[in-house]
Amino acid sequence: MAHFNEYLDLLELSPLVYHFLHNGKKQLYKKGEFFCRADEVCHHIAYVSKGGFRYFCLDKEGDKHITGYSFEKDFVTDYYSFTRQMPAIVCTEAVKDSTVYQLSHEQLENFWELNSQNQLLGRKIAENLFCMTYHRLLDFYSVSPKVRYQELLKRCPDIVQQTSLKEIASFLNISPYTLSRIRRKITFE
């Protein structure tokens, strides 16, 4: 199960990060504050310099399902909503006090248009995001919950301190009981 940053590590992102840090608006989000809500258009994308965010959707019964995370040195946005300027399907919420540098849709579009290297970088980021999503989907069918949990811990070693086990179970698409069993097995291995 690959994380977006793992794919982006293959790219030279320093021009983009530099652009966020020098042209983005510094914004603070308190734990529980929303970066974007479902049914609203996500007008910003941000570089997370401190903190983290969770993405979740609600089913028809009102149950929360965690669909992803963005932590430090990662980007946070509802990609679909931001790129299409359509209402978001998921909510994006700070899991702890967070500092970001955010750009508007227009500011990022202007960055892509500056030169061919920026355009190529934008295309590569979109391709890598697709690959990450594709691999995550395949992992739900071909990788055991135990391995998915271990991979999550490799990527985000302190996730257990940052979010609840119930939310981690939701992200892994397993029950909290199954996650507890997996954690016990790992402890005794």
# chains A, B, ... in the order shown; residues from 1 in each chain; ligands from 1
call {"tool": "closest_atom_pairs", "arguments": {"of": "stretch 78-173 of chain A", "to": "stretch 18-24 of chain A", "cutoff": "12 Å", "atoms": "only C-alpha atoms", "output": "CSV"}}
result
residue,atom,partner,partner_atom,distance
A:Thr99,CA,A:Leu21,CA,11.3
A:Val100,CA,A:Gly24,CA,8.5
A:Tyr101,CA,A:Gly24,CA,4.8
A:Gln102,CA,A:Gly24,CA,4.7
A:Leu103,CA,A:Gly24,CA,5.0
A:Ser104,CA,A:Gly24,CA,8.4
A:His105,CA,A:Gly24,CA,11.4
A:Glu106,CA,A:Gly24,CA,11.9
A:Gln107,CA,A:Asn23,CA,8.6
A:Leu108,CA,A:Phe20,CA,9.0
A:Asn110,CA,A:His19,CA,11.0
A:Phe111,CA,A:His19,CA,8.0
A:Trp112,CA,A:His19,CA,10.9
A:Leu114,CA,A:His19,CA,11.6
A:Asn118,CA,A:His19,CA,10.9
call {"tool": "write_last_selection", "arguments": {"atoms": "N, CA and C atoms", "output": "tab-separated table (two decimals), in the first residue's frame"}}
result
chain	number	residue	atom	x	y	z
A	99	THR	N	-0.40	23.53	10.72
A	99	THR	CA	0.00	24.73	9.99
A	99	THR	C	0.21	24.34	8.54
A	100	VAL	N	-0.44	25.10	7.65
A	100	VAL	CA	-0.33	24.83	6.22
A	100	VAL	C	-0.02	26.13	5.49
A	101	TYR	N	0.47	25.98	4.27
A	101	TYR	CA	0.65	27.10	3.35
A	101	TYR	C	-0.24	26.78	2.17
A	102	GLN	N	-1.30	27.57	1.99
A	102	GLN	CA	-2.29	27.21	0.99
A	102	GLN	C	-2.34	28.19	-0.17
A	103	LEU	N	-2.66	27.59	-1.32
A	103	LEU	CA	-2.81	28.33	-2.57
A	103	LEU	C	-4.24	28.15	-3.07
A	104	SER	N	-4.71	29.14	-3.78
A	104	SER	CA	-6.01	29.02	-4.43
A	104	SER	C	-5.86	28.21	-5.72
A	105	HIS	N	-6.98	27.82	-6.27
A	105	HIS	CA	-6.98	27.10	-7.55
A	105	HIS	C	-6.28	27.94	-8.61
A	106	GLU	N	-6.59	29.23	-8.66
A	106	GLU	CA	-5.99	30.12	-9.65
A	106	GLU	C	-4.47	30.23	-9.45
A	107	GLN	N	-4.03	30.33	-8.20
A	107	GLN	CA	-2.58	30.44	-7.94
A	107	GLN	C	-1.84	29.20	-8.41
A	108	LEU	N	-2.42	28.02	-8.17
A	108	LEU	CA	-1.74	26.80	-8.61
A	108	LEU	C	-1.77	26.69	-10.14
A	110	ASN	N	-1.72	29.12	-12.22
A	110	ASN	CA	-0.71	30.06	-12.70
A	110	ASN	C	0.70	29.46	-12.57
A	111	PHE	N	0.94	28.71	-11.49
A	111	PHE	CA	2.24	28.06	-11.32
A	111	PHE	C	2.47	27.04	-12.44
A	112	TRP	N	1.45	26.23	-12.75
A	112	TRP	CA	1.61	25.22	-13.82
A	112	TRP	C	1.93	25.90	-15.14
A	114	LEU	N	3.57	28.65	-15.73
A	114	LEU	CA	4.80	29.44	-15.80
A	114	LEU	C	5.79	28.93	-16.83
A	118	ASN	N	7.16	23.10	-15.04
A	118	ASN	CA	6.05	23.09	-14.08
A	118	ASN	C	4.88	22.28	-14.63
call {"tool": "select_by_dssp", "arguments": {"residues": "chain A", "states": "helix (DSSP H, G or I)", "output": "PyMOL selection string"}}
result
chain A and resi 4-8+14-23+79-84+105-113+116-142+145-155+159-162+165-172+176-188
call {"tool": "select_by_dssp", "arguments": {"residues": "stretch 3-189 of chain A", "states": "strand (DSSP E or B)", "output": "PyMOL selection string"}}
result
chain A and resi 25-29+34-36+41+44-58+64-71+75-76+87+91-104
call {"tool": "residues_around", "arguments": {"residues": "stretch 147-162 of chain A", "least_positions_apart": "6", "cutoff": "12 Å", "atoms": "only C-alpha atoms", "output": "PDB file with N, CA and C atoms, in the first residue's frame"}}
result
ATOM      1  N   MET A   1       0.861  -1.172   0.000  1.00  0.00           N
ATOM      2  CA  MET A   1       0.000   0.000   0.000  1.00  0.00           C
ATOM      3  C   MET A   1       0.899   1.224   0.000  1.00  0.00           C
ATOM      4  N   ALA A   2       0.953   1.905  -1.076  1.00  0.00           N
ATOM      5  CA  ALA A   2       1.851   3.047  -1.209  1.00  0.00           C
ATOM      6  C   ALA A   2       1.153   4.332  -0.781  1.00  0.00           C
ATOM      7  N   HIS A   3       1.904   5.215  -0.249  1.00  0.00           N
ATOM      8  CA  HIS A   3       1.441   6.521   0.186  1.00  0.00           C
ATOM      9  C   HIS A   3       1.795   7.534  -0.888  1.00  0.00           C
ATOM     10  N   PHE A   4       0.999   8.578  -1.016  1.00  0.00           N
ATOM     11  CA  PHE A   4       1.229   9.585  -2.049  1.00  0.00           C
ATOM     12  C   PHE A   4       2.657  10.102  -1.994  1.00  0.00           C
ATOM     13  N   ASN A   5       3.182  10.344  -0.788  1.00  0.00           N
ATOM     14  CA  ASN A   5       4.549  10.844  -0.667  1.00  0.00           C
ATOM     15  C   ASN A   5       5.564   9.860  -1.237  1.00  0.00           C
ATOM     16  N   GLU A   6       5.293   8.556  -1.125  1.00  0.00           N
ATOM     17  CA  GLU A   6       6.227   7.577  -1.681  1.00  0.00           C
ATOM     18  C   GLU A   6       6.320   7.733  -3.191  1.00  0.00           C
ATOM     19  N   LYS A  31      -7.293  21.354  15.867  1.00  0.00           N
ATOM     20  CA  LYS A  31      -7.799  19.981  15.799  1.00  0.00           C
ATOM     21  C   LYS A  31      -9.325  20.022  15.678  1.00  0.00           C
ATOM     22  N   GLY A  51       1.484  19.106  11.492  1.00  0.00           N
ATOM     23  CA  GLY A  51       0.158  18.571  11.778  1.00  0.00           C
ATOM     24  C   GLY A  51      -0.273  17.492  10.816  1.00  0.00           C
ATOM     25  N   GLY A  52      -1.583  17.369  10.654  1.00  0.00           N
ATOM     26  CA  GLY A  52      -2.120  16.345   9.771  1.00  0.00           C
ATOM     27  C   GLY A  52      -3.621  16.470   9.625  1.00  0.00           C
ATOM     28  N   PHE A  53      -4.136  15.806   8.586  1.00  0.00           N
ATOM     29  CA  PHE A  53      -5.550  15.860   8.245  1.00  0.00           C
ATOM     30  C   PHE A  53      -6.055  14.466   7.908  1.00  0.00           C
ATOM     31  N   ARG A  54      -7.336  14.253   8.129  1.00  0.00           N
ATOM     32  CA  ARG A  54      -7.985  13.003   7.724  1.00  0.00           C
ATOM     33  C   ARG A  54      -9.065  13.340   6.709  1.00  0.00           C
ATOM     34  N   GLY A  68      -8.518   8.506   3.937  1.00  0.00           N
ATOM     35  CA  GLY A  68      -7.122   8.858   3.741  1.00  0.00           C
ATOM     36  C   GLY A  68      -6.615   9.834   4.781  1.00  0.00           C
ATOM     37  N   TYR A  69      -5.293  10.066   4.715  1.00  0.00           N
ATOM     38  CA  TYR A  69      -4.618  10.995   5.616  1.00  0.00           C
ATOM     39  C   TYR A  69      -3.597  11.804   4.828  1.00  0.00           C
ATOM     40  N   SER A  70      -3.325  13.009   5.298  1.00  0.00           N
ATOM     41  CA  SER A  70      -2.212  13.828   4.820  1.00  0.00           C
ATOM     42  C   SER A  70      -1.491  14.336   6.053  1.00  0.00           C
ATOM     43  N   PHE A  71      -0.186  14.062   6.127  1.00  0.00           N
ATOM     44  CA  PHE A  71       0.597  14.493   7.276  1.00  0.00           C
ATOM     45  C   PHE A  71       1.678  15.475   6.827  1.00  0.00           C
ATOM     46  N   GLU A  72       2.588  15.789   7.734  1.00  0.00           N
ATOM     47  CA  GLU A  72       3.637  16.768   7.462  1.00  0.00           C
ATOM     48  C   GLU A  72       4.408  16.421   6.188  1.00  0.00           C
ATOM     49  N   ALA A  94      -8.681  18.537  10.313  1.00  0.00           N
ATOM     50  CA  ALA A  94      -7.410  18.473  11.034  1.00  0.00           C
ATOM     51  C   ALA A  94      -7.503  17.446  12.154  1.00  0.00           C
ATOM     52  N   VAL A  95      -6.525  16.531  12.216  1.00  0.00           N
ATOM     53  CA  VAL A  95      -6.493  15.537  13.293  1.00  0.00           C
ATOM     54  C   VAL A  95      -5.741  16.072  14.513  1.00  0.00           C
ATOM     55  N   LYS A  96      -5.015  17.162  14.318  1.00  0.00           N
ATOM     56  CA  LYS A  96      -4.335  17.854  15.402  1.00  0.00           C
ATOM     57  C   LYS A  96      -4.077  19.272  14.924  1.00  0.00           C
ATOM     58  N   ASP A  97      -3.652  20.140  15.816  1.00  0.00           N
ATOM     59  CA  ASP A  97      -3.347  21.508  15.403  1.00  0.00           C
ATOM     60  C   ASP A  97      -2.347  21.454  14.251  1.00  0.00           C
ATOM     61  N   HIS A 135      -3.168   1.432  -6.742  1.00  0.00           N
ATOM     62  CA  HIS A 135      -2.532   0.434  -5.879  1.00  0.00           C
ATOM     63  C   HIS A 135      -3.297   0.248  -4.576  1.00  0.00           C
ATOM     64  N   ARG A 136      -3.829   1.330  -4.030  1.00  0.00           N
ATOM     65  CA  ARG A 136      -4.607   1.197  -2.795  1.00  0.00           C
ATOM     66  C   ARG A 136      -5.845   0.343  -3.047  1.00  0.00           C
ATOM     67  N   LEU A 137      -6.510   0.560  -4.163  1.00  0.00           N
ATOM     68  CA  LEU A 137      -7.678  -0.249  -4.517  1.00  0.00           C
ATOM     69  C   LEU A 137      -7.296  -1.723  -4.653  1.00  0.00           C
ATOM     70  N   LEU A 138      -6.212  -1.998  -5.371  1.00  0.00           N
ATOM     71  CA  LEU A 138      -5.778  -3.384  -5.543  1.00  0.00           C
ATOM     72  C   LEU A 138      -5.399  -4.024  -4.214  1.00  0.00           C
ATOM     73  N   ASP A 139      -4.781  -3.242  -3.328  1.00  0.00           N
ATOM     74  CA  ASP A 139      -4.388  -3.780  -2.016  1.00  0.00           C
ATOM     75  C   ASP A 139      -5.586  -4.283  -1.225  1.00  0.00           C
ATOM     76  N   PHE A 140      -6.750  -3.665  -1.371  1.00  0.00           N
ATOM     77  CA  PHE A 140      -7.939  -4.134  -0.656  1.00  0.00           C
ATOM     78  C   PHE A 140      -8.331  -5.540  -1.104  1.00  0.00           C
ATOM     79  N   TYR A 141      -7.941  -5.920  -2.316  1.00  0.00           N
ATOM     80  CA  TYR A 141      -8.281  -7.238  -2.838  1.00  0.00           C
ATOM     81  C   TYR A 141      -7.157  -8.258  -2.691  1.00  0.00           C
ATOM     82  N   ILE A 168      -8.392   4.044  12.391  1.00  0.00           N
ATOM     83  CA  ILE A 168      -7.413   3.260  11.623  1.00  0.00           C
ATOM     84  C   ILE A 168      -8.093   2.046  11.013  1.00  0.00           C
ATOM     85  N   ALA A 169      -8.940   1.388  11.789  1.00  0.00           N
ATOM     86  CA  ALA A 169      -9.684   0.236  11.276  1.00  0.00           C
ATOM     87  C   ALA A 169     -10.560   0.650  10.094  1.00  0.00           C
ATOM     88  N   SER A 170     -11.208   1.797  10.208  1.00  0.00           N
ATOM     89  CA  SER A 170     -12.039   2.298   9.118  1.00  0.00           C
ATOM     90  C   SER A 170     -11.199   2.533   7.870  1.00  0.00           C
ATOM     91  N   PHE A 171     -10.031   3.147   8.038  1.00  0.00           N
ATOM     92  CA  PHE A 171      -9.142   3.397   6.904  1.00  0.00           C
ATOM     93  C   PHE A 171      -8.719   2.090   6.229  1.00  0.00           C
ATOM     94  N   LEU A 172      -8.463   1.064   7.035  1.00  0.00           N
ATOM     95  CA  LEU A 172      -8.043  -0.231   6.502  1.00  0.00           C
ATOM     96  C   LEU A 172      -9.222  -1.062   6.003  1.00  0.00           C
ATOM     97  N   ASN A 173     -10.437  -0.562   6.222  1.00  0.00           N
ATOM     98  CA  ASN A 173     -11.665  -1.242   5.825  1.00  0.00           C
ATOM     99  C   ASN A 173     -11.835  -2.586   6.539  1.00  0.00           C
ATOM    100  N   ILE A 174     -11.536  -2.567   7.838  1.00  0.00           N
ATOM    101  CA  ILE A 174     -11.726  -3.746   8.685  1.00  0.00           C
ATOM    102  C   ILE A 174     -12.434  -3.295   9.957  1.00  0.00           C
ATOM    103  N   THR A 178     -11.118  -6.796  14.421  1.00  0.00           N
ATOM    104  CA  THR A 178     -10.080  -7.402  13.584  1.00  0.00           C
ATOM    105  C   THR A 178      -8.751  -6.692  13.786  1.00  0.00           C
ATOM    106  N   LEU A 179      -8.776  -5.373  13.870  1.00  0.00           N
ATOM    107  CA  LEU A 179      -7.548  -4.621  14.103  1.00  0.00           C
ATOM    108  C   LEU A 179      -6.945  -4.987  15.456  1.00  0.00           C
ATOM    109  N   SER A 180      -7.754  -5.137  16.473  1.00  0.00           N
ATOM    110  CA  SER A 180      -7.243  -5.544  17.800  1.00  0.00           C
ATOM    111  C   SER A 180      -6.561  -6.905  17.722  1.00  0.00           C
ATOM    112  N   ARG A 181      -7.170  -7.841  17.010  1.00  0.00           N
ATOM    113  CA  ARG A 181      -6.560  -9.179  16.840  1.00  0.00           C
ATOM    114  C   ARG A 181      -5.227  -9.063  16.121  1.00  0.00           C
ATOM    115  N   ILE A 182      -5.174  -8.259  15.069  1.00  0.00           N
ATOM    116  CA  ILE A 182      -3.934  -8.077  14.308  1.00  0.00           C
ATOM    117  C   ILE A 182      -2.860  -7.484  15.207  1.00  0.00           C
ATOM    118  N   ARG A 183      -3.211  -6.479  15.988  1.00  0.00           N
ATOM    119  CA  ARG A 183      -2.241  -5.831  16.876  1.00  0.00           C
ATOM    120  C   ARG A 183      -1.707  -6.818  17.915  1.00  0.00           C
ATOM    121  N   LYS A 185      -1.497 -10.135  17.545  1.00  0.00           N
ATOM    122  CA  LYS A 185      -0.611 -11.067  16.830  1.00  0.00           C
ATOM    123  C   LYS A 185       0.755 -10.467  16.600  1.00  0.00           C
ATOM    124  N   ILE A 186       0.784  -9.212  16.171  1.00  0.00           N
ATOM    125  CA  ILE A 186       2.046  -8.538  15.889  1.00  0.00           C
ATOM    126  C   ILE A 186       2.872  -8.408  17.168  1.00  0.00           C
ATOM    127  N   THR A 187       2.225  -8.124  18.277  1.00  0.00           N
ATOM    128  CA  THR A 187       2.906  -7.976  19.562  1.00  0.00           C
ATOM    129  C   THR A 187       3.609  -9.257  19.978  1.00  0.00           C
TER     130      THR A 187
END
